[in-house]
>>> print(open('entry_7.cif').read())   # mmCIF, C-alpha atoms
data_input
#
loop_
_atom_site.label_atom_id
_atom_site.label_comp_id
_atom_site.auth_asym_id
_atom_site.auth_seq_id
_atom_site.Cartn_x
_atom_site.Cartn_y
_atom_site.Cartn_z
CA MET X 880 -0.87 -5.01 -61.96
CA GLN X 881 -3.84 -7.26 -61.26
CA LYS X 882 -1.66 -9.42 -59.02
CA ASP X 883 -0.57 -6.37 -57.02
CA THR X 884 -4.19 -5.21 -56.73
CA PHE X 885 -5.25 -8.57 -55.37
CA ARG X 886 -2.44 -8.51 -52.83
CA GLU X 887 -3.47 -5.05 -51.71
CA GLN X 888 -7.07 -6.20 -51.36
CA PHE X 889 -5.85 -9.17 -49.37
CA ARG X 890 -3.90 -6.93 -47.00
CA ARG X 891 -6.83 -4.55 -46.52
CA ALA X 892 -9.19 -7.39 -45.81
CA LEU X 893 -6.80 -8.94 -43.34
CA ARG X 894 -6.32 -5.63 -41.56
CA ARG X 895 -10.08 -5.14 -41.44
CA ASP X 896 -10.54 -8.58 -39.93
CA MET X 897 -7.89 -7.90 -37.32
CA TRP X 898 -9.43 -4.56 -36.37
CA LEU X 899 -12.98 -5.90 -36.24
CA THR X 900 -11.77 -8.75 -34.06
CA LEU X 901 -9.38 -6.88 -31.77
CA ALA X 902 -11.28 -3.60 -31.35
CA PRO X 903 -14.11 -4.95 -29.15
CA VAL X 904 -11.65 -7.15 -27.28
CA THR X 905 -9.42 -4.12 -26.61
CA LEU X 906 -12.39 -2.09 -25.39
CA ILE X 907 -13.43 -4.84 -22.99
CA ILE X 908 -9.88 -5.16 -21.62
CA ALA X 909 -9.54 -1.38 -21.28
CA ALA X 910 -12.84 -1.18 -19.40
CA ALA X 911 -11.78 -3.99 -17.07
CA PHE X 912 -8.48 -2.28 -16.28
CA ALA X 913 -10.18 1.10 -15.84
CA VAL X 914 -12.55 -0.36 -13.27
CA THR X 915 -9.66 -2.12 -11.55
CA PHE X 916 -7.58 1.06 -11.36
CA TYR X 917 -10.37 2.55 -9.26
CA PHE X 918 -9.47 0.06 -6.53
CA VAL X 919 -5.67 0.40 -6.84
CA LYS X 920 -4.13 1.96 -3.74
CA PRO X 921 -2.63 5.41 -4.26
CA ALA X 922 1.14 5.67 -4.14
CA PRO X 923 2.57 6.78 -0.77
CA PRO X 924 3.97 10.31 -0.61
CA LYS X 925 7.73 10.77 -0.80
CA THR X 926 7.79 13.25 2.11
CA LEU X 927 6.69 12.97 5.73
CA VAL X 928 6.50 15.76 8.31
CA LEU X 929 7.44 14.85 11.89
CA ALA X 930 6.58 17.12 14.81
CA VAL X 931 9.27 16.95 17.50
CA ALA X 932 10.04 18.85 20.71
CA PRO X 933 13.87 19.14 20.88
CA ASP X 934 14.15 19.34 24.69
CA GLU X 935 11.64 16.61 25.53
CA GLY X 936 12.32 12.90 25.99
CA GLY X 937 15.44 12.76 23.84
CA PHE X 938 13.21 13.10 20.78
CA ARG X 939 15.63 15.27 18.81
CA TYR X 940 18.27 12.52 18.76
CA PHE X 941 15.77 9.93 17.60
CA ALA X 942 14.38 12.26 14.92
CA LYS X 943 17.81 12.50 13.26
CA ARG X 944 18.14 8.72 13.17
CA TYR X 945 14.66 8.40 11.67
CA GLN X 946 15.67 10.83 8.94
CA GLU X 947 18.71 8.73 8.06
CA PHE X 948 16.81 5.43 7.97
CA LEU X 949 13.91 6.74 5.90
CA ALA X 950 16.27 8.44 3.45
CA ARG X 951 17.75 5.02 2.63
CA HIS X 952 14.28 3.98 1.48
CA GLY X 953 13.62 7.07 -0.63
CA VAL X 954 11.43 8.93 1.88
CA THR X 955 12.29 12.44 3.06
CA LEU X 956 11.48 13.18 6.70
CA GLU X 957 10.99 16.87 7.44
CA LEU X 958 11.17 17.99 11.09
CA ARG X 959 8.72 20.50 12.54
CA THR X 960 10.10 21.89 15.81
CA THR X 961 7.48 22.40 18.52
CA LYS X 962 7.29 23.33 22.19
CA GLY X 963 6.22 19.92 23.44
CA SER X 964 3.94 16.92 23.23
CA LEU X 965 0.76 18.93 23.65
CA SER X 966 1.74 21.09 20.68
CA ASN X 967 2.40 17.94 18.67
CA VAL X 968 -1.07 16.62 19.43
CA GLU X 969 -2.59 19.96 18.41
CA LEU X 970 -0.73 19.89 15.09
CA LEU X 971 -1.81 16.32 14.30
CA ALA X 972 -5.42 17.20 15.06
CA ASP X 973 -5.29 20.27 12.79
CA ASP X 974 -6.07 19.48 9.13
CA GLN X 975 -4.28 22.65 8.02
CA ALA X 976 -1.03 21.96 9.91
CA GLN X 977 0.26 19.37 7.36
CA VAL X 978 1.93 17.23 10.04
CA ASP X 979 1.86 13.46 9.49
CA VAL X 980 3.54 11.94 12.55
CA ALA X 981 4.88 13.07 15.89
CA PHE X 982 6.82 11.98 18.96
CA VAL X 983 4.45 12.29 21.91
CA GLN X 984 4.82 11.52 25.58
CA SER X 985 2.13 9.17 26.90
CA GLY X 986 -0.68 10.93 28.72
CA ALA X 987 -0.55 14.03 26.49
CA LEU X 988 -4.23 14.10 25.55
CA ARG X 989 -6.48 16.93 24.43
CA GLY X 990 -10.01 15.59 24.59
CA ASP X 991 -12.06 15.78 21.38
CA LYS X 992 -9.08 16.94 19.33
CA ASP X 993 -7.46 13.52 19.55
CA THR X 994 -10.10 11.56 17.64
CA ARG X 995 -8.12 11.47 14.38
CA ILE X 996 -4.84 10.41 15.97
CA VAL X 997 -3.64 6.82 16.22
CA SER X 998 -0.64 5.21 17.87
CA LEU X 999 2.06 3.30 15.99
CA GLY X 1000 3.51 2.06 19.29
CA SER X 1001 5.66 2.96 22.26
CA LEU X 1002 9.36 3.50 21.60
CA SER X 1003 11.07 3.65 24.99
CA TYR X 1004 10.68 4.54 28.63
CA VAL X 1005 11.32 8.22 29.39
CA PRO X 1006 11.29 8.45 33.21
CA LEU X 1007 10.07 11.39 35.24
CA TRP X 1008 12.94 12.83 37.27
CA VAL X 1009 12.11 14.99 40.24
CA PHE X 1010 15.23 16.70 41.63
CA TYR X 1011 14.89 18.85 44.72
CA ARG X 1012 16.79 20.56 47.52
CA GLY X 1013 16.16 20.25 51.23
CA GLU X 1014 15.25 17.44 53.57
CA PRO X 1015 14.48 14.01 52.10
CA ILE X 1016 10.89 13.43 50.95
CA ASP X 1017 9.27 10.27 49.59
CA ASP X 1018 6.58 11.72 47.29
CA VAL X 1019 5.56 14.85 45.42
CA ILE X 1020 3.18 15.72 48.24
CA GLY X 1021 6.30 16.83 50.09
CA LEU X 1022 6.83 19.61 47.51
CA ARG X 1023 3.71 21.49 48.54
CA GLY X 1024 4.41 25.18 49.05
CA ARG X 1025 7.75 25.17 47.15
CA ARG X 1026 9.00 26.87 43.97
CA ILE X 1027 8.90 24.14 41.30
CA ALA X 1028 9.92 24.25 37.60
CA ILE X 1029 7.51 22.04 35.70
CA GLY X 1030 8.32 22.94 32.08
CA PRO X 1031 6.77 25.12 29.33
CA ALA X 1032 3.03 25.31 28.87
CA GLU X 1033 2.87 22.98 25.84
CA SER X 1034 5.28 20.32 27.12
CA GLY X 1035 4.42 16.78 28.13
CA THR X 1036 6.58 17.29 31.22
CA ARG X 1037 4.28 20.05 32.47
CA ALA X 1038 1.16 17.97 31.75
CA LEU X 1039 2.52 15.03 33.75
CA ALA X 1040 3.77 17.23 36.61
CA LEU X 1041 0.38 18.93 36.94
CA THR X 1042 -1.36 15.54 36.93
CA LEU X 1043 0.75 14.25 39.83
CA LEU X 1044 0.72 17.51 41.80
CA LYS X 1045 -3.04 17.87 41.40
CA ALA X 1046 -3.59 14.27 42.53
CA ASN X 1047 -1.74 15.18 45.76
CA GLY X 1048 -3.35 18.60 46.20
CA ALA X 1049 0.02 20.28 45.75
CA ASP X 1050 -0.70 22.34 42.61
CA THR X 1051 -2.18 25.43 44.27
CA ALA X 1052 -0.82 28.29 46.37
CA PRO X 1053 1.41 28.58 48.22
CA THR X 1054 3.08 26.21 45.68
CA GLU X 1055 4.67 28.25 42.86
CA LEU X 1056 4.78 26.51 39.46
CA LEU X 1057 7.37 27.92 37.06
CA PRO X 1058 7.41 27.41 33.21
CA PHE X 1059 11.18 27.20 32.78
CA GLU X 1060 12.82 25.37 29.86
CA ARG X 1061 14.97 22.36 30.77
CA ASP X 1062 18.39 24.04 30.76
CA GLU X 1063 17.18 27.12 32.61
CA ALA X 1064 15.41 25.00 35.22
CA ILE X 1065 18.55 22.90 35.84
CA ASN X 1066 20.69 26.02 36.30
CA GLN X 1067 18.15 27.58 38.65
CA LEU X 1068 18.13 24.43 40.80
CA LYS X 1069 21.92 24.24 40.88
CA GLU X 1070 22.08 27.85 42.03
CA GLY X 1071 19.45 27.27 44.69
CA ARG X 1072 16.94 29.78 43.28
CA ILE X 1073 14.20 27.17 42.97
CA ASP X 1074 13.37 24.20 45.18
CA ALA X 1075 12.57 21.44 42.66
CA VAL X 1076 12.43 20.60 38.98
CA PHE X 1077 10.42 18.06 37.00
CA LEU X 1078 12.21 16.60 33.98
CA VAL X 1079 11.25 13.87 31.51
CA ALA X 1080 14.27 12.35 29.79
CA PRO X 1081 15.94 8.98 29.08
CA ALA X 1082 18.11 7.53 31.84
CA GLU X 1083 21.08 7.83 29.48
CA SER X 1084 20.67 11.61 29.19
CA PRO X 1085 23.94 13.41 30.21
CA PRO X 1086 22.10 16.37 31.85
CA ILE X 1087 20.23 13.93 34.13
CA GLN X 1088 23.37 12.07 35.16
CA LYS X 1089 25.25 15.33 35.80
CA LEU X 1090 22.42 16.78 37.89
CA ALA X 1091 22.29 13.61 39.99
CA ALA X 1092 25.95 14.26 40.98
CA VAL X 1093 25.44 17.89 42.12
CA PRO X 1094 25.97 18.23 45.91
CA GLY X 1095 22.84 19.21 47.79
CA VAL X 1096 20.50 18.05 45.00
CA ARG X 1097 18.39 14.97 45.76
CA LEU X 1098 16.51 12.61 43.41
CA LEU X 1099 12.97 11.76 44.48
CA SER X 1100 12.13 8.06 44.90
CA PHE X 1101 8.39 7.37 44.55
CA THR X 1102 7.40 5.14 47.45
CA ARG X 1103 3.81 5.01 46.17
CA ALA X 1104 4.77 4.16 42.58
CA ASP X 1105 2.45 1.15 42.48
CA ALA X 1106 -0.52 3.34 43.35
CA TYR X 1107 0.35 5.84 40.61
CA THR X 1108 0.56 3.11 37.96
CA ARG X 1109 -2.89 1.86 38.97
CA ARG X 1110 -4.40 5.33 38.69
CA PHE X 1111 -2.55 6.32 35.52
CA PRO X 1112 -2.09 3.29 33.20
CA TYR X 1113 0.29 5.12 30.88
CA LEU X 1114 2.88 5.21 33.72
CA SER X 1115 5.11 2.31 34.71
CA LYS X 1116 7.32 1.65 37.71
CA HIS X 1117 11.10 1.24 37.39
CA VAL X 1118 13.97 0.92 39.81
CA LEU X 1119 17.17 2.80 39.09
CA PRO X 1120 19.89 0.67 40.71
CA ARG X 1121 22.37 2.18 43.13
CA GLY X 1122 25.58 3.36 41.49
CA VAL X 1123 24.33 2.86 37.90
CA PHE X 1124 25.35 6.41 36.86
CA ASP X 1125 28.84 6.30 38.42
CA PHE X 1126 30.21 3.24 40.22
CA ALA X 1127 33.25 5.06 41.60
CA ALA X 1128 31.25 7.96 43.06
CA ASP X 1129 28.30 5.67 43.95
CA ILE X 1130 25.71 7.79 42.13
CA PRO X 1131 22.94 7.41 43.00
CA ASP X 1132 23.82 6.21 46.49
CA HIS X 1133 20.61 4.16 46.87
CA ASP X 1134 18.01 2.45 44.70
CA VAL X 1135 15.56 4.99 43.28
CA VAL X 1136 11.98 4.14 42.33
CA LEU X 1137 10.91 6.06 39.24
CA LEU X 1138 7.65 6.64 37.41
CA SER X 1139 7.96 6.51 33.67
CA PRO X 1140 5.70 7.47 30.80
CA THR X 1141 6.69 6.25 27.35
CA ALA X 1142 7.88 7.98 24.22
CA ASN X 1143 5.38 7.16 21.50
CA LEU X 1144 5.11 7.46 17.76
CA VAL X 1145 1.66 8.72 16.84
CA ALA X 1146 0.19 9.66 13.47
CA ARG X 1147 -2.89 10.95 11.73
CA ASP X 1148 -5.33 8.20 10.88
CA THR X 1149 -4.92 9.10 7.19
CA LEU X 1150 -1.26 8.08 7.10
CA HIS X 1151 -0.57 5.81 4.11
CA PRO X 1152 -0.38 2.16 5.29
CA ALA X 1153 2.93 1.56 3.47
CA LEU X 1154 4.52 4.48 5.33
CA ALA X 1155 3.04 3.29 8.62
CA TYR X 1156 4.76 -0.08 8.18
CA LEU X 1157 8.00 1.63 7.14
CA LEU X 1158 7.94 3.83 10.24
CA MET X 1159 7.42 0.80 12.49
CA ARG X 1160 10.32 -0.97 10.78
CA THR X 1161 12.36 2.16 11.49
CA ALA X 1162 11.29 2.05 15.14
CA SER X 1163 12.34 -1.60 15.38
CA GLU X 1164 15.73 -0.75 13.92
CA ILE X 1165 16.36 2.17 16.28
CA HIS X 1166 14.63 1.30 19.55
CA SER X 1167 15.16 -2.46 19.92
CA SER X 1168 18.51 -2.23 21.72
CA SER X 1169 18.81 -2.37 25.52
CA GLY X 1170 19.29 0.60 27.83
CA LEU X 1171 19.49 1.40 31.52
CA LEU X 1172 15.76 0.78 31.87
CA ASP X 1173 14.84 -0.97 28.57
CA ARG X 1174 15.48 -4.64 27.84
CA ALA X 1175 16.71 -5.71 24.41
CA GLY X 1176 13.79 -6.25 22.05
CA GLU X 1177 11.28 -4.72 24.47
CA PHE X 1178 10.51 -1.83 22.10
CA PRO X 1179 8.73 -0.85 19.99
CA ALA X 1180 5.66 -2.25 21.70
CA PRO X 1181 1.86 -1.73 21.72
CA LEU X 1182 1.71 -0.27 25.23
CA GLU X 1183 -0.92 2.07 26.63
CA THR X 1184 -0.35 5.52 25.13
CA GLY X 1185 -3.69 7.26 25.48
CA PHE X 1186 -4.33 6.87 21.73
CA PRO X 1187 -5.92 3.91 19.91
CA LEU X 1188 -3.52 1.54 18.18
CA SER X 1189 -3.74 1.74 14.38
CA SER X 1190 -4.82 -1.34 12.42
CA GLU X 1191 -1.41 -1.47 10.70
CA ALA X 1192 0.37 -1.33 14.06
CA ARG X 1193 -1.81 -4.10 15.44
CA ARG X 1194 -0.94 -6.37 12.50
CA TYR X 1195 2.74 -5.42 12.71
CA TYR X 1196 3.02 -6.41 16.38
CA GLN X 1197 1.15 -9.65 15.75
CA THR X 1198 2.83 -10.88 12.56
CA GLY X 1199 5.71 -8.51 11.81
CA ALA X 1200 6.36 -6.50 8.66
CA PRO X 1201 4.35 -7.36 5.52
CA LEU X 1202 5.84 -10.21 3.51
CA LEU X 1203 6.78 -8.05 0.52
CA GLN X 1204 8.62 -5.48 2.66
CA ARG X 1205 10.70 -8.25 4.23
CA TYR X 1206 12.26 -9.33 0.95
CA LEU X 1207 11.91 -6.40 -1.47
CA PRO X 1208 13.07 -2.78 -1.41
CA PHE X 1209 10.41 -0.42 -0.11
CA TRP X 1210 9.54 1.03 -3.54
CA ALA X 1211 9.30 -2.43 -5.13
CA ALA X 1212 7.23 -3.89 -2.30
CA ASN X 1213 4.85 -0.96 -2.45
CA LEU X 1214 4.52 -1.22 -6.25
CA VAL X 1215 3.71 -4.93 -6.10
CA ASP X 1216 1.27 -4.40 -3.23
CA ARG X 1217 -0.56 -1.70 -5.20
CA LEU X 1218 -0.72 -3.58 -8.49
CA TRP X 1219 -1.58 -7.09 -7.33
CA VAL X 1220 -5.22 -6.19 -7.88
CA MET X 1221 -4.39 -5.93 -11.58
CA LEU X 1222 -4.27 -9.72 -11.61
CA VAL X 1223 -8.07 -9.65 -11.47
CA PRO X 1224 -8.60 -8.36 -15.03
CA ILE X 1225 -5.64 -10.39 -16.28
CA ILE X 1226 -7.09 -13.65 -14.96
CA ALA X 1227 -10.78 -12.92 -15.34
CA VAL X 1228 -10.75 -11.04 -18.67
CA LEU X 1229 -7.46 -11.07 -20.50
CA VAL X 1230 -6.81 -14.82 -20.38
CA PRO X 1231 -10.27 -15.91 -21.63
CA LEU X 1232 -10.29 -13.22 -24.31
CA GLY X 1233 -6.79 -14.21 -25.37
CA ARG X 1234 -8.09 -17.67 -26.06
CA ALA X 1235 -11.24 -16.35 -27.75
CA VAL X 1236 -9.52 -14.02 -30.22
CA PRO X 1237 -8.11 -16.79 -32.49
CA ALA X 1238 -11.51 -18.51 -32.51
CA LEU X 1239 -13.25 -15.24 -33.38
CA LEU X 1240 -10.79 -14.52 -36.16
CA LEU X 1241 -11.27 -18.06 -37.53
CA TRP X 1242 -15.03 -17.57 -37.51
CA ARG X 1243 -14.72 -14.33 -39.51
CA VAL X 1244 -12.47 -15.97 -42.11
CA ARG X 1245 -14.69 -19.03 -42.44
CA SER X 1246 -17.83 -16.89 -42.67
CA ARG X 1247 -16.59 -15.49 -45.99
CA ILE X 1248 -16.47 -19.01 -47.40
CA PHE X 1249 -19.50 -20.52 -45.69
CA ARG X 1250 -21.90 -17.99 -47.19
CA TRP X 1251 -21.07 -19.43 -50.66
CA TYR X 1252 -22.36 -22.83 -49.58
CA ALA X 1253 -25.86 -21.40 -50.07
CA ARG X 1254 -25.18 -21.25 -53.82
CA LEU X 1255 -23.92 -24.83 -53.85
CA LYS X 1256 -27.05 -25.90 -52.00
CA GLU X 1257 -29.21 -24.08 -54.55
CA LEU X 1258 -27.46 -25.87 -57.43
CA GLU X 1259 -27.89 -29.28 -55.75
CA ILE X 1260 -31.60 -28.65 -55.29
CA GLN X 1261 -31.97 -27.76 -58.98
CA LEU X 1262 -30.15 -30.98 -59.93
CA GLU X 1263 -32.79 -32.95 -58.10
CA GLU X 1264 -35.45 -31.36 -60.34
CA ASN X 1265 -33.97 -33.00 -63.55
CA PRO X 1266 -33.13 -29.74 -65.37
CA ASP X 1267 -32.76 -29.65 -69.20
CA ARG X 1268 -29.49 -29.06 -71.00
CA PRO X 1269 -29.68 -25.23 -71.20
CA MET X 1270 -30.36 -25.16 -67.45
CA LEU X 1271 -27.40 -27.46 -66.79
CA GLU X 1272 -25.10 -25.23 -68.87
CA ASP X 1273 -26.30 -22.19 -66.93
CA MET X 1274 -25.66 -24.04 -63.65
CA MET X 1275 -22.12 -24.84 -64.81
CA LYS X 1276 -21.51 -21.15 -65.61
CA ARG X 1277 -22.76 -20.11 -62.17
CA LEU X 1278 -20.54 -22.72 -60.56
CA ASP X 1279 -17.50 -21.41 -62.43
CA GLU X 1280 -18.36 -17.84 -61.34
CA THR X 1281 -18.66 -19.04 -57.78
CA GLU X 1282 -15.21 -20.63 -57.92
CA ARG X 1283 -13.70 -17.46 -59.38
CA GLU X 1284 -15.27 -15.32 -56.68
CA VAL X 1285 -14.18 -17.66 -53.89
CA ASN X 1286 -10.62 -17.68 -55.21
CA ARG X 1287 -10.57 -13.91 -54.73
CA ILE X 1288 -11.40 -14.20 -51.05
CA PRO X 1289 -8.35 -13.04 -48.98
CA ILE X 1290 -7.49 -15.95 -46.71
CA PRO X 1291 -4.44 -16.07 -44.39
CA LEU X 1292 -2.21 -19.06 -45.06
CA SER X 1293 -3.00 -20.52 -41.63
CA TYR X 1294 -6.68 -20.75 -42.65
CA ALA X 1295 -6.21 -21.70 -46.35
CA GLU X 1296 -7.39 -25.27 -45.74
CA ASN X 1297 -10.96 -23.97 -45.44
CA LEU X 1298 -10.73 -22.55 -48.96
CA TYR X 1299 -9.42 -25.81 -50.41
CA PHE X 1300 -12.17 -27.78 -48.69
CA PHE X 1301 -14.75 -25.56 -50.38
CA ARG X 1302 -13.10 -25.95 -53.76
CA GLU X 1303 -13.27 -29.74 -53.35
CA HIS X 1304 -16.99 -29.41 -52.73
CA ILE X 1305 -17.30 -27.27 -55.88
CA ASP X 1306 -15.60 -30.04 -57.84
CA ILE X 1307 -18.11 -32.58 -56.54
CA VAL X 1308 -21.04 -30.49 -57.77
CA ARG X 1309 -19.23 -29.78 -61.05
CA ARG X 1310 -18.75 -33.51 -61.71
CA ARG X 1311 -22.45 -34.17 -61.10
CA ILE X 1312 -23.45 -31.46 -63.59
CA ALA X 1313 -20.90 -32.73 -66.11
CA ARG X 1314 -22.32 -36.25 -65.94
CA ARG X 1315 -25.81 -34.92 -66.55
CA LEU X 1316 -24.56 -33.04 -69.61
CA THR X 1317 -22.85 -36.17 -71.06
CA GLY X 1318 -25.70 -38.44 -70.08
CA ALA X 1319 -23.46 -40.64 -67.98
CA PRO X 1320 -25.04 -42.27 -64.90
CA GLU X 1321 -24.22 -40.72 -61.51
CA LEU X 1322 -22.05 -42.67 -59.12
CA GLU X 1323 -23.52 -44.37 -56.09
CA GLY X 1324 -23.91 -41.79 -53.31
CA ALA X 1325 -23.33 -38.81 -55.61
CA ARG X 1326 -26.84 -37.55 -54.90
CA THR X 1327 -26.06 -37.15 -51.24
CA PRO X 1328 -26.33 -33.39 -50.56
CA LEU X 1329 -23.06 -31.68 -49.63
CA VAL X 1330 -24.75 -29.21 -47.35
CA SER X 1331 -27.65 -30.07 -45.08
#
>>> encode(input="entry_7.cif", output="structure tokens")
Amino acid sequence: MQKDTFREQFRRALRRDMWLTLAPVTLIIAAAFAVTFYFVKPAPPKTLVLAVAPDEGGFRYFAKRYQEFLARHGVTLELRTTKGSLSNVELLADDQAQVDVAFVQSGALRGDKDTRIVSLGSLSYVPLWVFYRGEPIDDVIGLRGRRIAIGPAESGTRALALTLLKANGADTAPTELLPFERDEAINQLKEGRIDAVFLVAPAESPPIQKLAAVPGVRLLSFTRADAYTRRFPYLSKHVLPRGVFDFAADIPDHDVVLLSPTANLVARDTLHPALAYLLMRTASEIHSSSGLLDRAGEFPAPLETGFPLSSEARRYYQTGAPLLQRYLPFWAANLVDRLWVMLVPIIAVLVPLGRAVPALLLWRVRSRIFRWYARLKELEIQLEENPDRPMLEDMMKRLDETEREVNRIPIPLSYAENLYFFREHIDIVRRRIARRLTGAPELEGARTPLVS
């Protein structure tokens, strides 16, 4: 029973030592990690909302491909159908609209409402096509006084058409500007009920190529294209080669100079950086191939869009995708990128404390033994005072009590050597007392104190 009681005392003491040693260490580590978590980046959302105008710039086709690519990386892309680029800009500028990104035609600005919008880059050229009936003209100034379809009120097509018409003084009466949708405008021109139509669409668009083949319909070639690009930096000059639409029918039958804005991916400035990089990787996957006007690898690109380039986009175009996203799945790269800061408490706190815990535990175990050295020191001092026999017998009793008490100290096996060292020191003092009791002379050096 006594043996079991001692074992239980030993276990309790050992548990107490462990708790007293580990508790403050655990609190320090927990505090370090809590502070570090404050600086950990939040996880990116699993859903993005993209504003897209279906009949503008071929955006609807691209939106579907973006959905497929992002889905492979665990991100759901929801599409918000709008009336045009101007509507998209309005939605991005509105905190209540819950739109994250949008396809926007370059030049679609809305003054102070654009301050929270950034560009992730240009995606492709989307030329302005001006089809008309009548005698050949070489610029939009020749459309003054005609019935012209320039697109719905919120479209980027209408914004660009008004910019060019106003620059040439052709936007006022007797010119009639009509807000027809794309399909309606094309039908009206084919039937001869309007004189001209402004369209913004990729050169590969089937409606554009079909309209170019309609008898009596001409495609405007901008002879002053260089001047327009100087005045409006978001426009670029392109030449549509003769016969590129149909070699057999020779459509178009001459080189056509076009003005082209760009299709752009823009976002709120609060977009999560990980999603910004993922969207630009998506753009590189989808828009890097060549087209009738685009060279292979030309897009995406940090061209003039009317919006400031985001910091993530600037780094992406300079150095490419982040290192982790190049070699890890999106979720894994994002997790590592968020948690790398956790290395700070691991290196600065956990490693030093991990080395300090064994030393602290050793100190606690030794402290139970070292405090008994005070009694040994007291006995040695009394020996120096030449005590009488009754005093020596009392000293021997106290020494035996000390040994019994020390033997009851719970000591882990790994630290038992400290207990045996102390017992050896007890034996040294015991032998000195025993010699005094028998009257035998002390050995040379036996008076040297054990504890200083």
>>> resolve_selection(input="entry_7.cif", expression="the PyMOL selection byres ((chain X and resi 994-1003) around 7)", output="count of residues only")
29
>>> closest_residue(input="entry_7.cif", among="X:Phe948, X:Phe1209, X:Phe938, X:Phe1010", to="Val983 (chain X)", atoms="all atoms listed in the file")
X:Phe938
>>> atom_distance(input="entry_7.cif", atom1="CA of Leu1022 (chain X)", atom2="CA of Asp1132 (chain X)")
21.7 Å
>>> resolve_selection(input="entry_7.cif", expression="the PyMOL selection byres ((chain X and resi 930) around 9)", output="number ranges by chain")
X: 928-929, 931-932, 957-961, 964, 966-968, 970-971, 978-983
>>> atom_distance(input="entry_7.cif", atom1="CA of Leu1078 (chain X)", atom2="CA of Ala976 (chain X)")
28.0 Å
>>> resolve_selection(input="entry_7.cif", expression="the PyMOL selection byres ((chain X and resi 1085-1097) around 7)", output="tab-separated table (two decimals) with C-alpha atoms, keeping the file's coordinate frame")
chain	number	residue	atom	x	y	z
X	1010	PHE	CA	15.23	16.70	41.63
X	1011	TYR	CA	14.89	18.85	44.72
X	1012	ARG	CA	16.79	20.56	47.52
X	1083	GLU	CA	21.08	7.83	29.48
X	1084	SER	CA	20.67	11.61	29.19
X	1098	LEU	CA	16.51	12.61	43.41
X	1099	LEU	CA	12.97	11.76	44.48
X	1124	PHE	CA	25.35	6.41	36.86
X	1130	ILE	CA	25.71	7.79	42.13
X	1131	PRO	CA	22.94	7.41	43.00
>>> residues_around(input="entry_7.cif", residues="Ala1080 (chain X)", least_positions_apart="4", cutoff="7 Å", atoms="only C-alpha atoms", output="PyMOL selection string")
chain X and resi 935-937+1005-1007+1084
>>> atom_distance(input="entry_7.cif", atom1="CA of Gln977 (chain X)", atom2="CA of Thr955 (chain X)")
14.5 Å
>>> closest_residue(input="entry_7.cif", among="X:Glu1296, X:Glu1280, X:Asp1125, X:Glu1070", to="Arg1245 (chain X)", atoms="all atoms listed in the file")
X:Glu1296
>>> residues_around(input="entry_7.cif", residues="Asp1267 (chain X)", least_positions_apart="5", cutoff="10 Å", atoms="all atoms listed in the file", output="list in words")
Leu1262, Glu1272, Arg1315 and Leu1316 of chain X
>>> write_last_selection(input="entry_7.cif", atoms="C-alpha atoms", output="JSON list (two decimals), keeping the file's coordinate frame")
[["chain", "number", "residue", "atom", "x", "y", "z"],
["X", 1262, "LEU", "CA", -30.15, -30.98, -59.93],
["X", 1272, "GLU", "CA", -25.10, -25.23, -68.87],
["X", 1315, "ARG", "CA", -25.81, -34.92, -66.55],
["X", 1316, "LEU", "CA", -24.56, -33.04, -69.61]]
>>> closest_residue(input="entry_7.cif", among="X:Ala1313, X:Ala950, X:Val1285, X:Ala1153", to="Phe1301 (chain X)", atoms="all atoms listed in the file")
X:Val1285
>>> closest_residue(input="entry_7.cif", among="X:Ile1029, X:Leu1154, X:Arg1250, X:Ala1175", to="Thr1042 (chain X)", atoms="all atoms listed in the file")
X:Ile1029
>>> decode(input="entry_7.cif", residues="region 1252-1267 of chain X", atoms="C-alpha atoms", output="CSV table (one decimal), in the first residue's frame")
chain,number,residue,atom,x,y,z
X,1252,TYR,CA,22.0,21.1,0.5
X,1253,ALA,CA,21.3,23.9,3.0
X,1254,ARG,CA,20.9,21.3,5.7
X,1255,LEU,CA,24.1,19.6,4.8
X,1256,LYS,CA,25.9,23.0,4.9
X,1257,GLU,CA,24.4,23.6,8.4
X,1258,LEU,CA,25.7,20.2,9.6
X,1259,GLU,CA,29.2,20.9,8.2
X,1260,ILE,CA,29.3,24.3,10.0
X,1261,GLN,CA,28.4,22.6,13.3
X,1262,LEU,CA,31.2,20.0,12.7
X,1263,GLU,CA,33.7,22.8,12.6
X,1264,GLU,CA,32.6,24.0,16.1
X,1265,ASN,CA,33.8,20.7,17.7
X,1266,PRO,CA,30.4,19.5,19.0
X,1267,ASP,CA,30.1,17.0,21.9
